[in-house]
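Shown here: model_21.tsv, TSV, C-alpha atoms.
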chain	number	residue	atom	x	y	z
A	1	MET	CA	-26.39	180.36	82.43
A	2	ARG	CA	-26.44	182.18	85.75
A	3	ALA	CA	-23.89	184.65	87.08
A	4	GLY	CA	-21.11	183.48	89.34
A	5	VAL	CA	-18.33	180.92	89.22
A	6	SER	CA	-18.38	177.15	89.08
A	7	ILE	CA	-15.35	175.59	90.75
A	8	VAL	CA	-15.17	171.99	89.58
A	9	VAL	CA	-12.93	169.33	91.12
A	10	PRO	CA	-12.40	165.87	89.60
A	11	VAL	CA	-11.69	163.44	92.45
A	12	PHE	CA	-10.14	160.00	92.61
A	13	ASN	CA	-8.68	158.88	95.94
A	14	GLY	CA	-7.98	162.47	96.88
A	15	LEU	CA	-7.20	162.16	100.58
A	16	PRO	CA	-5.42	163.62	102.47
A	17	TYR	CA	-5.02	166.70	100.26
A	18	LEU	CA	-8.72	166.98	99.45
A	19	ARG	CA	-9.39	168.40	102.91
A	20	GLU	CA	-6.89	171.22	102.46
A	21	LEU	CA	-8.19	172.00	98.99
A	22	THR	CA	-11.80	172.08	100.20
A	23	ASP	CA	-10.88	174.55	102.95
A	24	SER	CA	-9.24	176.80	100.35
A	25	LEU	CA	-12.39	176.75	98.22
A	26	LEU	CA	-14.79	177.47	101.07
A	27	THR	CA	-12.77	180.50	102.19
A	28	GLN	CA	-12.79	182.32	98.85
A	29	THR	CA	-13.59	186.02	99.20
A	30	PHE	CA	-15.82	185.81	96.10
A	31	GLU	CA	-19.15	184.58	97.42
A	32	ASP	CA	-21.19	183.70	94.33
A	33	ILE	CA	-19.76	180.23	93.71
A	34	GLU	CA	-20.87	176.66	93.31
A	35	ILE	CA	-18.39	173.86	94.02
A	36	VAL	CA	-18.87	170.64	92.08
A	37	PHE	CA	-16.90	167.56	93.08
A	38	SER	CA	-16.99	164.70	90.57
A	39	ASP	CA	-15.82	161.40	92.03
A	40	GLY	CA	-14.57	158.67	89.72
A	41	GLY	CA	-14.78	155.68	92.05
A	42	SER	CA	-12.65	156.58	95.07
A	43	THR	CA	-11.94	153.85	97.63
A	44	ASP	CA	-10.04	155.93	100.21
A	45	GLY	CA	-12.91	157.69	101.95
A	46	SER	CA	-12.98	160.74	99.68
A	47	VAL	CA	-16.72	160.41	99.05
A	48	ASP	CA	-17.51	160.02	102.76
A	49	PHE	CA	-15.45	163.14	103.48
A	50	LEU	CA	-17.21	165.19	100.81
A	51	ARG	CA	-20.62	164.06	102.02
A	52	SER	CA	-19.68	165.21	105.52
A	53	VAL	CA	-18.94	168.79	104.46
A	54	ASP	CA	-22.02	170.84	105.32
A	55	ASP	CA	-22.11	173.74	102.88
A	56	PRO	CA	-24.96	174.52	100.46
A	57	ARG	CA	-22.51	175.60	97.76
A	58	ILE	CA	-21.14	172.05	97.44
A	59	ARG	CA	-22.56	169.48	95.04
A	60	LEU	CA	-21.22	165.94	94.63
A	61	ILE	CA	-21.67	163.85	91.51
A	62	GLU	CA	-20.36	160.33	90.99
A	63	ILE	CA	-19.36	158.64	87.75
A	64	PRO	CA	-18.67	154.93	87.23
A	65	SER	CA	-15.44	153.55	88.63
A	66	GLY	CA	-12.80	153.05	85.97
A	67	SER	CA	-14.08	155.86	83.73
A	68	GLY	CA	-10.65	157.51	83.68
A	69	ALA	CA	-9.30	161.00	84.26
A	70	ALA	CA	-10.58	162.63	81.07
A	71	ALA	CA	-14.12	161.34	81.63
A	72	ASN	CA	-14.05	162.66	85.19
A	73	TRP	CA	-12.74	166.09	84.09
A	74	THR	CA	-15.45	166.17	81.42
A	75	ALA	CA	-18.24	165.22	83.84
A	76	ALA	CA	-17.11	167.91	86.28
A	77	THR	CA	-16.94	170.53	83.53
A	78	ASN	CA	-20.34	169.68	82.05
A	79	ALA	CA	-21.94	169.93	85.51
A	80	ALA	CA	-21.04	173.63	85.78
A	81	THR	CA	-23.97	176.06	85.65
A	82	CYS	CA	-22.29	179.45	86.17
A	83	GLU	CA	-20.88	182.05	83.77
A	84	PHE	CA	-17.23	181.38	84.69
A	85	LEU	CA	-15.49	178.10	85.46
A	86	LYS	CA	-12.31	177.04	87.20
A	87	LEU	CA	-11.21	173.40	87.32
A	88	VAL	CA	-8.93	172.54	90.24
A	89	CYS	CA	-7.16	169.24	90.77
A	90	GLN	CA	-7.69	167.52	94.11
A	91	ASP	CA	-4.21	168.11	95.54
A	92	ASP	CA	-3.79	171.78	94.58
A	93	LEU	CA	-4.84	174.93	96.46
A	94	LEU	CA	-6.43	178.28	95.69
A	95	TYR	CA	-5.48	181.45	97.55
A	96	PRO	CA	-8.37	183.40	99.15
A	97	THR	CA	-8.76	186.06	96.44
A	98	ALA	CA	-8.09	183.76	93.46
A	99	ILE	CA	-11.67	183.64	92.20
A	100	ALA	CA	-12.35	187.33	92.81
A	101	ASP	CA	-9.14	188.35	91.04
A	102	GLN	CA	-9.74	186.29	87.91
A	103	VAL	CA	-13.42	187.21	87.68
A	104	ALA	CA	-12.32	190.84	87.72
A	105	ASP	CA	-9.80	190.11	84.97
A	106	LEU	CA	-12.43	188.50	82.75
A	107	GLN	CA	-15.04	191.16	83.44
A	108	ALA	CA	-12.54	193.88	82.51
A	109	SER	CA	-11.99	192.28	79.12
A	110	ASP	CA	-13.70	190.23	76.45
A	111	ALA	CA	-11.21	187.38	76.97
A	112	VAL	CA	-12.33	183.74	76.99
A	113	MET	CA	-9.59	182.65	79.39
A	114	ALA	CA	-7.76	184.20	82.33
A	115	ALA	CA	-4.31	182.85	83.21
A	116	ALA	CA	-2.11	183.66	86.19
A	117	THR	CA	1.12	182.56	87.80
A	118	ARG	CA	1.09	180.01	90.61
A	119	ASP	CA	3.36	178.81	93.37
A	120	ILE	CA	4.78	175.29	93.54
A	121	ILE	CA	4.39	173.43	96.85
A	122	ASP	CA	5.65	170.07	98.04
A	123	ALA	CA	3.87	167.12	99.62
A	124	ARG	CA	3.72	168.91	102.98
A	125	SER	CA	2.46	172.23	101.57
A	126	ARG	CA	5.84	173.96	101.82
A	127	VAL	CA	6.42	176.56	99.11
A	128	LEU	CA	9.24	175.50	96.79
A	129	TYR	CA	9.00	178.10	94.03
A	130	ARG	CA	6.98	181.29	93.83
A	131	GLY	CA	5.27	182.96	90.92
A	132	ARG	CA	5.90	180.38	88.21
A	133	GLY	CA	4.28	180.54	84.79
A	134	LEU	CA	3.63	182.79	81.78
A	135	THR	CA	7.26	182.45	80.67
A	136	GLY	CA	7.92	183.81	77.20
A	137	ILE	CA	4.89	186.13	77.21
A	138	ASP	CA	5.42	189.89	77.27
A	139	ARG	CA	5.39	190.90	80.93
A	140	ALA	CA	3.75	194.22	80.08
A	141	ALA	CA	0.79	192.59	78.35
A	142	PHE	CA	-2.61	192.53	80.07
A	143	LYS	CA	-4.09	190.28	77.41
A	144	ILE	CA	-2.95	188.58	74.22
A	145	PRO	CA	-4.75	186.78	71.40
A	146	GLY	CA	-5.47	183.19	72.36
A	147	ARG	CA	-3.66	181.85	69.29
A	148	ASP	CA	-0.51	183.73	70.37
A	149	ALA	CA	-0.76	182.21	73.86
A	150	ILE	CA	-0.80	178.67	72.44
A	151	ARG	CA	2.06	179.47	70.07
A	152	ALA	CA	4.06	180.67	73.11
A	153	CYS	CA	3.48	177.23	74.69
A	154	TYR	CA	4.75	175.55	71.52
A	155	LEU	CA	7.90	177.67	71.38
A	156	ALA	CA	8.65	177.25	75.10
A	157	GLY	CA	8.17	173.48	74.98
A	158	THR	CA	5.85	173.59	77.97
A	159	ASN	CA	2.43	174.76	79.15
A	160	VAL	CA	3.27	178.36	80.02
A	161	LEU	CA	-0.38	179.10	80.86
A	162	GLY	CA	-0.17	176.68	83.76
A	163	GLU	CA	-2.25	173.89	85.19
A	164	PRO	CA	-6.04	174.40	85.46
A	165	LEU	CA	-5.77	175.94	88.94
A	166	ALA	CA	-4.07	178.93	87.27
A	167	VAL	CA	-6.75	179.34	84.61
A	168	MET	CA	-10.36	180.51	84.57
A	169	PHE	CA	-12.67	180.07	81.57
A	170	ARG	CA	-15.86	181.51	80.27
A	171	THR	CA	-17.97	178.41	80.79
A	172	GLU	CA	-19.75	178.39	77.46
A	173	ALA	CA	-16.44	178.53	75.56
A	174	LEU	CA	-15.02	175.63	77.56
A	175	GLN	CA	-18.13	173.46	77.43
A	176	SER	CA	-18.35	173.96	73.66
A	177	GLU	CA	-15.01	172.14	73.32
A	178	MET	CA	-15.77	169.11	75.48
A	179	PRO	CA	-14.57	166.44	76.05
A	180	TRP	CA	-11.20	166.55	77.75
A	181	ILE	CA	-8.99	163.92	76.08
A	182	ASP	CA	-6.15	162.12	77.88
A	183	GLU	CA	-4.61	160.04	75.10
A	184	ASN	CA	-1.54	162.22	75.77
A	185	PRO	CA	-2.03	162.50	79.55
A	186	LEU	CA	0.51	165.18	80.47
A	187	MET	CA	-0.87	167.38	77.71
A	188	LEU	CA	-4.50	166.92	78.78
A	189	ASP	CA	-4.87	170.53	79.90
A	190	LEU	CA	-2.84	172.16	77.11
A	191	SER	CA	-4.63	170.14	74.42
A	192	LEU	CA	-7.93	171.66	75.51
A	193	TYR	CA	-6.49	175.15	75.97
A	194	GLN	CA	-5.46	174.85	72.33
A	195	LYS	CA	-9.14	174.47	71.39
A	196	VAL	CA	-10.57	177.14	73.71
A	197	ALA	CA	-8.00	179.95	73.46
A	198	PRO	CA	-8.63	180.71	69.75
A	199	HIS	CA	-12.21	181.70	70.67
A	200	GLY	CA	-10.77	185.06	71.79
A	201	ASP	CA	-8.11	186.56	74.01
A	202	VAL	CA	-6.31	185.36	77.14
A	203	VAL	CA	-6.04	187.88	79.97
A	204	LEU	CA	-2.93	187.64	82.17
A	205	ARG	CA	-2.14	188.12	85.86
A	206	ARG	CA	1.43	188.07	87.16
A	207	THR	CA	0.54	187.37	90.79
A	208	PRO	CA	-0.06	183.78	92.02
A	209	VAL	CA	-3.67	182.68	92.43
A	210	GLY	CA	-2.88	179.32	93.98
A	211	ALA	CA	-0.41	176.51	94.47
A	212	PHE	CA	0.37	173.47	92.35
A	213	ARG	CA	1.51	170.48	94.40
A	214	VAL	CA	4.32	168.10	93.47
A	215	SER	CA	4.34	164.83	95.42
A	216	ASP	CA	4.80	161.13	94.87
A	217	ALA	CA	1.00	160.87	94.77
A	218	SER	CA	0.50	163.40	91.96
A	219	TRP	CA	-0.22	162.34	88.40
A	220	SER	CA	2.33	164.70	86.84
A	221	THR	CA	5.13	163.41	89.08
A	222	ARG	CA	4.39	159.75	88.32
A	223	LEU	CA	4.38	160.43	84.58
A	224	ALA	CA	7.49	162.64	84.56
A	225	LYS	CA	9.56	160.11	82.60
A	226	GLN	CA	7.08	160.37	79.72
A	227	GLN	CA	7.23	164.17	79.63
A	228	SER	CA	9.61	164.53	76.67
A	229	GLU	CA	7.73	162.20	74.33
A	230	GLN	CA	4.31	163.57	75.20
A	231	THR	CA	5.45	167.17	74.80
A	232	ARG	CA	7.08	166.37	71.43
A	233	ARG	CA	3.89	164.66	70.27
A	234	TRP	CA	1.82	167.71	71.19
A	235	GLN	CA	4.28	170.06	69.48
A	236	ASP	CA	4.24	167.98	66.29
A	237	ARG	CA	0.45	168.00	66.15
A	238	TYR	CA	0.31	171.73	66.80
A	239	ALA	CA	2.93	172.48	64.14
A	240	ALA	CA	1.08	170.42	61.54
A	241	ASN	CA	-1.84	172.87	61.49
A	242	ALA	CA	-0.41	176.09	62.92
A	243	ALA	CA	-1.36	179.40	61.32
A	244	PRO	CA	0.82	181.09	60.31
A	245	PRO	CA	2.97	178.04	59.51
A	246	ILE	CA	5.85	177.18	61.82
A	247	THR	CA	9.21	178.27	60.45
A	248	ALA	CA	12.42	176.22	60.57
A	249	SER	CA	13.88	178.53	63.22
A	250	GLU	CA	10.73	178.19	65.32
A	251	ARG	CA	10.95	174.38	65.11
A	252	MET	CA	14.50	174.55	66.40
A	253	ARG	CA	13.52	176.96	69.17
A	254	ALA	CA	10.62	174.69	70.18
A	255	ALA	CA	12.84	171.60	70.31
A	256	LEU	CA	15.42	173.42	72.43
A	257	GLY	CA	12.69	174.73	74.71
A	258	ARG	CA	11.31	171.22	75.20
A	259	GLN	CA	14.72	169.78	76.07
A	260	ARG	CA	15.48	172.62	78.46
A	261	GLN	CA	12.16	172.12	80.25
A	262	ILE	CA	12.65	168.35	80.53
A	263	LEU	CA	16.17	168.64	81.92
A	264	THR	CA	15.09	171.32	84.40
A	265	ARG	CA	12.09	169.28	85.55
A	266	ARG	CA	14.09	166.07	85.98
A	267	ALA	CA	16.81	167.86	87.93
A	268	ALA	CA	14.20	169.46	90.19
A	269	TYR	CA	12.50	166.11	90.86
A	270	ARG	CA	15.84	164.49	91.73
A	271	ILE	CA	16.66	167.26	94.19
A	272	LEU	CA	13.19	167.25	95.73
A	273	GLY	CA	13.24	163.46	95.97
A	274	ALA	CA	16.58	163.52	97.76
A	275	ARG	CA	15.20	166.08	100.22
A	276	GLY	CA	12.08	164.01	100.87
A	277	SER	CA	9.86	166.82	99.57
A	278	LEU	CA	7.85	164.49	97.34
A	279	ARG	CA	6.87	162.02	100.05
A	280	SER	CA	3.19	162.16	100.91
A	281	GLY	CA	2.30	162.25	104.54
A	282	PRO	CA	0.46	164.23	107.21
A	283	ALA	CA	0.49	167.84	106.09
A	284	ASP	CA	2.47	170.42	108.03
A	285	PRO	CA	0.70	173.73	108.64
A	286	PRO	CA	0.59	175.42	105.22
A	287	ARG	CA	3.16	178.12	104.55
A	288	LEU	CA	1.66	179.75	101.51
A	289	ALA	CA	1.92	183.07	99.79
A	290	THR	CA	-0.78	185.60	100.62

In structure tokens, how does this file's structure come out?
Amino acid sequence: MRAGVSIVVPVFNGLPYLRELTDSLLTQTFEDIEIVFSDGGSTDGSVDFLRSVDDPRIRLIEIPSGSGAAANWTAATNAATCEFLKLVCQDDLLYPTAIADQVADLQASDAVMAAATRDIIDARSRVLYRGRGLTGIDRAAFKIPGRDAIRACYLAGTNVLGEPLAVMFRTEALQSEMPWIDENPLMLDLSLYQKVAPHGDVVLRRTPVGAFRVSDASWSTRLAKQQSEQTRRWQDRYAANAAPPITASERMRAALGRQRQILTRRAAYRILGARGSLRSGPADPPRLAT
């Protein structure tokens, strides 16, 4: 496996946000990258757009239409050829030094994953919340055991490590745990983190490396009503095999954390919906953190 970073992007009808994401990938300050787009049968012109981008670092693969999200994430991941890997969803963004920063974090440690905070943006790329993530983890810690990171997610009732845009992996560790599985769709990322993190440590960064988008076109927004049940299902499965075993007080803390996260998320979506922040449309000029 060669040095450098594979940035992999599963795509399915990714326009218009795919253009903005692609720009953010091509302007990374870290130069030794390959960018792999895996298209799962787009019908909106995403493939034509990607074929039009003239950059030798970009590679496009196509999988059969109807394969599903997990199959597309798996195809993108398995196509990576570099030492480190970052998966980014088609409507999110990376900040210019994101790759350089997380490569430095991994090279300064023996960690298998690097996690950072991220900003939350709306459908028009306006920043809604800054520096979200890593809640419940000691702010002074540079790295923690992977098992402790997953236990923190259980206790908080949410994925405190963040969506894939906030995470970088050692490629061999991630590929050894393929495939991605979406039987519990909103837990797709956390379910795989649960497999990879115990391979070693997770190194932490408290500055945002990118932006996670909420819009009426995003998967997480459309599935928000299922959040409570899917989170509970993941917590129950985790608790069944956790080591050390989950205590009664931890079960109560985890249930309270889940309910708090669900109520907060639903309230935020109602407010954003009322403001029109979730409506997809022509993007305003980005106003992102630097």

- Note on the structure: Computed gap from atom CA of Ala104 of chain A to atom CA of Lys86 of chain A is 13.8 Å

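Each of A:Cys89, A:Met113, A:Leu272, A:Val11 was compared to Arg147 of chain A using all atoms listed in the file, and A:Met113 turns out to be the nearest.
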
Just the residues within 12 Å of Ala140 of chain A, please, counting only C-alpha atoms, with nothing from its chain fewer than 4 positions along; format it as an mmCIF file with C-alpha atoms, in the frame of the given file.
data_model
loop_
_atom_site.group_PDB
_atom_site.id
_atom_site.type_symbol
_atom_site.label_atom_id
_atom_site.label_comp_id
_atom_site.auth_asym_id
_atom_site.auth_seq_id
_atom_site.Cartn_x
_atom_site.Cartn_y
_atom_site.Cartn_z
ATOM 1 C CA LEU A 134 3.630 182.790 81.780
ATOM 2 C CA GLY A 136 7.920 183.810 77.200
ATOM 3 C CA ILE A 144 -2.950 188.580 74.220
ATOM 4 C CA VAL A 203 -6.040 187.880 79.970
ATOM 5 C CA LEU A 204 -2.930 187.640 82.170
ATOM 6 C CA ARG A 205 -2.140 188.120 85.860
ATOM 7 C CA ARG A 206 1.430 188.070 87.160
#

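Between Arg258 of chain A and the residues A:Ala156, A:Tyr193, A:Ala242, A:Val8, the shortest atom-to-atom distance, using only C-alpha atoms, involves A:Ala156.
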
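Comparing the minimum interatomic distances between Ser125 of chain A and each of A:Ala197, A:Ile63, A:Leu106, A:Leu21, counting all atoms listed in the file, we find that A:Leu21 sits nearest.
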
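Distance-wise, atom CA of Leu186 of chain A and atom CA of Tyr238 of chain A end up 15.2 Å apart.
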
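The spacing separating atom CA of Val127 of chain A from atom CA of Ala114 of chain A amounts to 23.3 Å.
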
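For the residues A:Tyr154, A:Met252, A:Gly40, A:Leu26, ranking by smallest atom-to-atom distance to Asp55 of chain A using all atoms listed in the file places A:Leu26 first.
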
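Closest approach to Thr247 of chain A among A:Arg57, A:Leu155, A:Ser215, A:Thr77 is made by A:Leu155 (distances from all atoms listed in the file).
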
- Could you give me, as a ChimeraX atom specification, the residues within 10 Å of Leu18 of chain A, counting all atoms listed in the file and dropping anything in the same chain fewer than 2 positions from it? /A:9,11-16,20-24,46,49-50,89-93

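Of the listed residues A:Ile121, A:Met187, A:Ala211, A:Leu87, the one whose atoms come nearest to Thr74 of chain A is A:Leu87, with distances taken using only C-alpha atoms.
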
- Message: Every residue with an atom at most 8 Å from (-22.4, 179.6, 88.0) (file coordinates; all atoms listed in the file) is what I'm after, so could you write them as a PyMOL selection string?
- Response: chain A and resi 1-6+32-34+80-85

- Message: Excluding Val209 of chain A and its own-chain neighbours fewer than 2 positions away, which residues fall within 7 Å of it when counting all atoms listed in the file? Please give them as JSON, numbers by chain.
- Response: {"A": [94, 95, 98, 116, 117, 118, 166, 207]}

- Message: I'd like the contact shell of Ser176 of chain A - 10 Å cut-off, all atoms listed in the file, skipping same-chain residues fewer than 3 positions apart - returned as a list in words.
- Response: Asn78, Thr171, Glu172, Ala173, Pro179, Lys195 and Val196 of chain A

- Message: What's around Asp39 of chain A at 8 Å? Count all atoms listed in the file, leave out sequence neighbours fewer than 2 positions away in its own chain, and write the answer as a list in words.
- Response: Pro10, Val11, Phe12, Phe37, Gly41, Ser42, Val47, Leu60, Ile61, Glu62, Ile63 and Asn72 of chain A
